[in-house]
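Heads up, coords-v4.cif below (mmCIF, N, CA and C atoms; chains and numbers go by the auth columns):
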```cif
data_query
#
loop_
_atom_site.group_PDB
_atom_site.id
_atom_site.type_symbol
_atom_site.label_atom_id
_atom_site.label_comp_id
_atom_site.label_asym_id
_atom_site.label_seq_id
_atom_site.Cartn_x
_atom_site.Cartn_y
_atom_site.Cartn_z
_atom_site.B_iso_or_equiv
_atom_site.auth_seq_id
_atom_site.auth_asym_id
ATOM 1 N N MET A 1 6.705 -3.798 4.142 0.00 20 A
ATOM 2 C CA MET A 1 6.827 -2.379 3.938 0.00 20 A
ATOM 3 C C MET A 1 5.433 -1.764 4.042 0.00 20 A
ATOM 4 N N ILE A 2 5.290 -0.775 4.872 0.00 21 A
ATOM 5 C CA ILE A 2 4.014 -0.093 5.068 0.00 21 A
ATOM 6 C C ILE A 2 4.161 1.339 4.554 0.00 21 A
ATOM 7 N N PRO A 3 3.288 1.771 3.620 0.00 22 A
ATOM 8 C CA PRO A 3 3.397 3.140 3.093 0.00 22 A
ATOM 9 C C PRO A 3 3.076 4.169 4.173 0.00 22 A
ATOM 10 N N ASN A 4 3.689 5.314 4.036 0.00 23 A
ATOM 11 C CA ASN A 4 3.421 6.419 4.962 0.00 23 A
ATOM 12 C C ASN A 4 1.989 6.893 4.822 0.00 23 A
ATOM 13 N N GLU A 5 1.417 7.350 5.899 0.00 24 A
ATOM 14 C CA GLU A 5 0.083 7.928 5.870 0.00 24 A
ATOM 15 C C GLU A 5 0.142 9.266 5.125 0.00 24 A
ATOM 16 N N PRO A 6 -0.829 9.555 4.276 0.00 25 A
ATOM 17 C CA PRO A 6 -0.821 10.849 3.585 0.00 25 A
ATOM 18 C C PRO A 6 -0.999 11.981 4.594 0.00 25 A
ATOM 19 N N GLU A 7 -0.346 13.112 4.296 0.00 26 A
ATOM 20 C CA GLU A 7 -0.446 14.268 5.185 0.00 26 A
ATOM 21 C C GLU A 7 -1.863 14.821 5.225 0.00 26 A
ATOM 22 N N GLU A 8 -2.539 14.768 4.081 0.00 27 A
ATOM 23 C CA GLU A 8 -3.902 15.283 3.982 0.00 27 A
ATOM 24 C C GLU A 8 -4.805 14.124 3.571 0.00 27 A
ATOM 25 N N PRO A 9 -5.982 14.011 4.143 0.00 28 A
ATOM 26 C CA PRO A 9 -6.862 12.890 3.765 0.00 28 A
ATOM 27 C C PRO A 9 -7.153 12.880 2.268 0.00 28 A
ATOM 28 N N VAL A 10 -7.136 11.703 1.690 0.00 29 A
ATOM 29 C CA VAL A 10 -7.387 11.557 0.253 0.00 29 A
ATOM 30 C C VAL A 10 -8.796 12.012 -0.100 0.00 29 A
ATOM 31 N N SER A 11 -9.739 11.852 0.810 0.00 30 A
ATOM 32 C CA SER A 11 -11.124 12.224 0.516 0.00 30 A
ATOM 33 C C SER A 11 -11.260 13.705 0.192 0.00 30 A
ATOM 34 N N SER A 12 -10.354 14.523 0.670 0.00 31 A
ATOM 35 C CA SER A 12 -10.448 15.952 0.371 0.00 31 A
ATOM 36 C C SER A 12 -10.159 16.231 -1.104 0.00 31 A
ATOM 37 N N PHE A 13 -9.431 15.343 -1.778 0.00 32 A
ATOM 38 C CA PHE A 13 -9.134 15.533 -3.199 0.00 32 A
ATOM 39 C C PHE A 13 -10.317 15.124 -4.072 0.00 32 A
ATOM 40 N N ALA A 14 -11.139 14.204 -3.580 0.00 33 A
ATOM 41 C CA ALA A 14 -12.222 13.652 -4.389 0.00 33 A
ATOM 42 C C ALA A 14 -13.435 14.563 -4.463 0.00 33 A
ATOM 43 N N GLY A 15 -13.570 15.491 -3.587 0.00 34 A
ATOM 44 C CA GLY A 15 -14.724 16.373 -3.623 0.00 34 A
ATOM 45 C C GLY A 15 -15.894 15.812 -2.849 0.00 34 A
ATOM 46 N N PHE A 16 -17.089 16.222 -3.248 0.00 35 A
ATOM 47 C CA PHE A 16 -18.268 15.871 -2.463 0.00 35 A
ATOM 48 C C PHE A 16 -18.776 14.454 -2.717 0.00 35 A
ATOM 49 N N MET A 17 -18.399 13.847 -3.846 0.00 36 A
ATOM 50 C CA MET A 17 -18.854 12.486 -4.153 0.00 36 A
ATOM 51 C C MET A 17 -17.668 11.655 -4.650 0.00 36 A
ATOM 52 N N PRO A 18 -16.835 11.142 -3.756 0.00 37 A
ATOM 53 C CA PRO A 18 -15.663 10.386 -4.205 0.00 37 A
ATOM 54 C C PRO A 18 -16.061 9.147 -5.001 0.00 37 A
ATOM 55 N N GLY A 19 -15.350 8.918 -6.103 0.00 38 A
ATOM 56 C CA GLY A 19 -15.613 7.754 -6.937 0.00 38 A
ATOM 57 C C GLY A 19 -16.741 7.929 -7.928 0.00 38 A
ATOM 58 N N SER A 20 -17.228 9.140 -8.113 0.00 39 A
ATOM 59 C CA SER A 20 -18.320 9.352 -9.050 0.00 39 A
ATOM 60 C C SER A 20 -18.089 10.627 -9.849 0.00 39 A
ATOM 61 N N ALA A 21 -18.870 10.788 -10.868 0.00 40 A
ATOM 62 C CA ALA A 21 -18.791 11.985 -11.704 0.00 40 A
ATOM 63 C C ALA A 21 -20.210 12.418 -12.056 0.00 40 A
ATOM 64 N N VAL A 22 -20.405 13.709 -12.189 0.00 41 A
ATOM 65 C CA VAL A 22 -21.708 14.239 -12.587 0.00 41 A
ATOM 66 C C VAL A 22 -21.620 14.566 -14.076 0.00 41 A
ATOM 67 N N ILE A 23 -22.397 13.859 -14.879 0.00 42 A
ATOM 68 C CA ILE A 23 -22.389 14.048 -16.334 0.00 42 A
ATOM 69 C C ILE A 23 -23.745 14.586 -16.740 0.00 42 A
ATOM 70 N N PRO A 24 -23.767 15.755 -17.371 0.00 43 A
ATOM 71 C CA PRO A 24 -25.043 16.341 -17.780 0.00 43 A
ATOM 72 C C PRO A 24 -25.790 15.431 -18.759 0.00 43 A
ATOM 73 N N GLU A 25 -27.105 15.397 -18.648 0.00 44 A
ATOM 74 C CA GLU A 25 -27.925 14.591 -19.536 0.00 44 A
ATOM 75 C C GLU A 25 -27.751 15.072 -20.974 0.00 44 A
ATOM 76 N N GLY A 26 -27.582 14.132 -21.880 0.00 45 A
ATOM 77 C CA GLY A 26 -27.428 14.464 -23.292 0.00 45 A
ATOM 78 C C GLY A 26 -25.979 14.626 -23.732 0.00 45 A
ATOM 79 N N LEU A 27 -25.024 14.599 -22.807 0.00 46 A
ATOM 80 C CA LEU A 27 -23.610 14.725 -23.166 0.00 46 A
ATOM 81 C C LEU A 27 -23.133 13.405 -23.753 0.00 46 A
ATOM 82 N N ASP A 28 -22.585 13.456 -24.959 0.00 47 A
ATOM 83 C CA ASP A 28 -22.096 12.254 -25.635 0.00 47 A
ATOM 84 C C ASP A 28 -20.620 12.081 -25.306 0.00 47 A
ATOM 85 N N LEU A 29 -20.305 11.117 -24.451 0.00 48 A
ATOM 86 C CA LEU A 29 -18.916 10.883 -24.050 0.00 48 A
ATOM 87 C C LEU A 29 -18.094 10.224 -25.146 0.00 48 A
ATOM 88 N N THR A 30 -18.754 9.710 -26.178 0.00 49 A
ATOM 89 C CA THR A 30 -18.029 9.065 -27.266 0.00 49 A
ATOM 90 C C THR A 30 -17.749 10.019 -28.428 0.00 49 A
ATOM 91 N N ALA A 31 -18.248 11.233 -28.356 0.00 50 A
ATOM 92 C CA ALA A 31 -18.053 12.193 -29.446 0.00 50 A
ATOM 93 C C ALA A 31 -16.615 12.696 -29.466 0.00 50 A
ATOM 94 N N SER A 32 -16.122 12.975 -30.638 0.00 51 A
ATOM 95 C CA SER A 32 -14.772 13.517 -30.800 0.00 51 A
ATOM 96 C C SER A 32 -14.729 14.942 -30.257 0.00 51 A
ATOM 97 N N ILE A 33 -13.703 15.255 -29.537 0.00 52 A
ATOM 98 C CA ILE A 33 -13.581 16.584 -28.944 0.00 52 A
ATOM 99 C C ILE A 33 -13.233 17.629 -29.997 0.00 52 A
ATOM 100 N N ASP A 34 -12.312 17.292 -30.886 0.00 53 A
ATOM 101 C CA ASP A 34 -11.855 18.274 -31.871 0.00 53 A
ATOM 102 C C ASP A 34 -12.506 18.119 -33.241 0.00 53 A
ATOM 103 N N GLY A 35 -13.473 17.213 -33.367 0.00 54 A
ATOM 104 C CA GLY A 35 -14.163 17.039 -34.638 0.00 54 A
ATOM 105 C C GLY A 35 -13.418 16.163 -35.629 0.00 54 A
ATOM 106 N N ALA A 36 -12.263 15.644 -35.236 0.00 55 A
ATOM 107 C CA ALA A 36 -11.472 14.806 -36.140 0.00 55 A
ATOM 108 C C ALA A 36 -12.102 13.427 -36.263 0.00 55 A
ATOM 109 N N THR A 37 -11.851 12.780 -37.385 0.00 56 A
ATOM 110 C CA THR A 37 -12.332 11.417 -37.576 0.00 56 A
ATOM 111 C C THR A 37 -11.181 10.455 -37.319 0.00 56 A
ATOM 112 N N PHE A 38 -11.522 9.246 -36.917 0.00 57 A
ATOM 113 C CA PHE A 38 -10.509 8.221 -36.745 0.00 57 A
ATOM 114 C C PHE A 38 -10.103 7.692 -38.109 0.00 57 A
ATOM 115 N N ASP A 39 -8.857 7.271 -38.240 0.00 58 A
ATOM 116 C CA ASP A 39 -8.377 6.722 -39.508 0.00 58 A
ATOM 117 C C ASP A 39 -9.243 5.560 -39.983 0.00 58 A
ATOM 118 N N ALA A 40 -9.670 4.701 -39.058 0.00 59 A
ATOM 119 C CA ALA A 40 -10.459 3.534 -39.441 0.00 59 A
ATOM 120 C C ALA A 40 -11.800 3.933 -40.049 0.00 59 A
ATOM 121 N N GLU A 41 -12.321 5.092 -39.666 0.00 60 A
ATOM 122 C CA GLU A 41 -13.597 5.544 -40.232 0.00 60 A
ATOM 123 C C GLU A 41 -13.484 5.856 -41.711 0.00 60 A
ATOM 124 N N VAL A 42 -12.284 6.222 -42.174 0.00 61 A
ATOM 125 C CA VAL A 42 -12.067 6.517 -43.586 0.00 61 A
ATOM 126 C C VAL A 42 -11.207 5.443 -44.246 0.00 61 A
ATOM 127 N N ARG A 43 -11.238 4.246 -43.646 0.00 62 A
ATOM 128 C CA ARG A 43 -10.585 3.045 -44.170 0.00 62 A
ATOM 129 C C ARG A 43 -9.075 3.168 -44.306 0.00 62 A
ATOM 130 N N ILE A 44 -8.423 3.914 -43.438 0.00 63 A
ATOM 131 C CA ILE A 44 -6.963 3.954 -43.378 0.00 63 A
ATOM 132 C C ILE A 44 -6.560 3.021 -42.235 0.00 63 A
ATOM 133 N N LEU A 45 -5.898 1.913 -42.574 0.00 64 A
ATOM 134 C CA LEU A 45 -5.562 0.951 -41.546 0.00 64 A
ATOM 135 C C LEU A 45 -4.135 1.134 -41.027 0.00 64 A
ATOM 136 N N HIS A 46 -3.229 1.635 -41.843 0.00 65 A
ATOM 137 C CA HIS A 46 -1.844 1.841 -41.418 0.00 65 A
ATOM 138 C C HIS A 46 -1.368 3.185 -41.931 0.00 65 A
ATOM 139 N N ARG A 47 -0.539 3.815 -41.152 0.00 66 A
ATOM 140 C CA ARG A 47 0.096 5.078 -41.583 0.00 66 A
ATOM 141 C C ARG A 47 1.575 4.882 -41.669 0.00 66 A
#
```
Could you take the file, read its structure, and then write that structure out as structure tokens?
Amino acid sequence: MIPNEPEEPVSSFAGFMPGSAVIPEGLDLTASIDGATFDAEVRILHR
């Protein structure tokens, strides 16, 4: 079985640098987005 060719090249979806991302210096990717803490941080193991 051979998949159909895409109507539009996939590279057009990826933008100018396919397979990469531009991350500003100093951005913490591990920081919580909403400021919430994980249960394990406050020693809650099961809910």
Atom pair atom C of Thr56 of chain A + atom C of Val41 of chain A, distance 25.8 Å
Rounded to one decimal place, report the atom C of Ala50 of chain A-atom N of Ile63 of chain A distance in Å. 18.4 Å
Give me, please, the distance in Å between atom CA of Ala59 of chain A and atom CA of Leu46 of chain A, quoted to one decimal. 23.7 Å
How big is the axis-aligned box around all listed atoms of segment 58-64 of chain A once 8 Å goes on each side, and where's its centre, in Å to one decimal, as JSON?
```
{"center_x": -8.9, "center_y": 4.1, "center_z": -41.3, "size_x": 25.5, "size_y": 22.3, "size_z": 22.1}
```
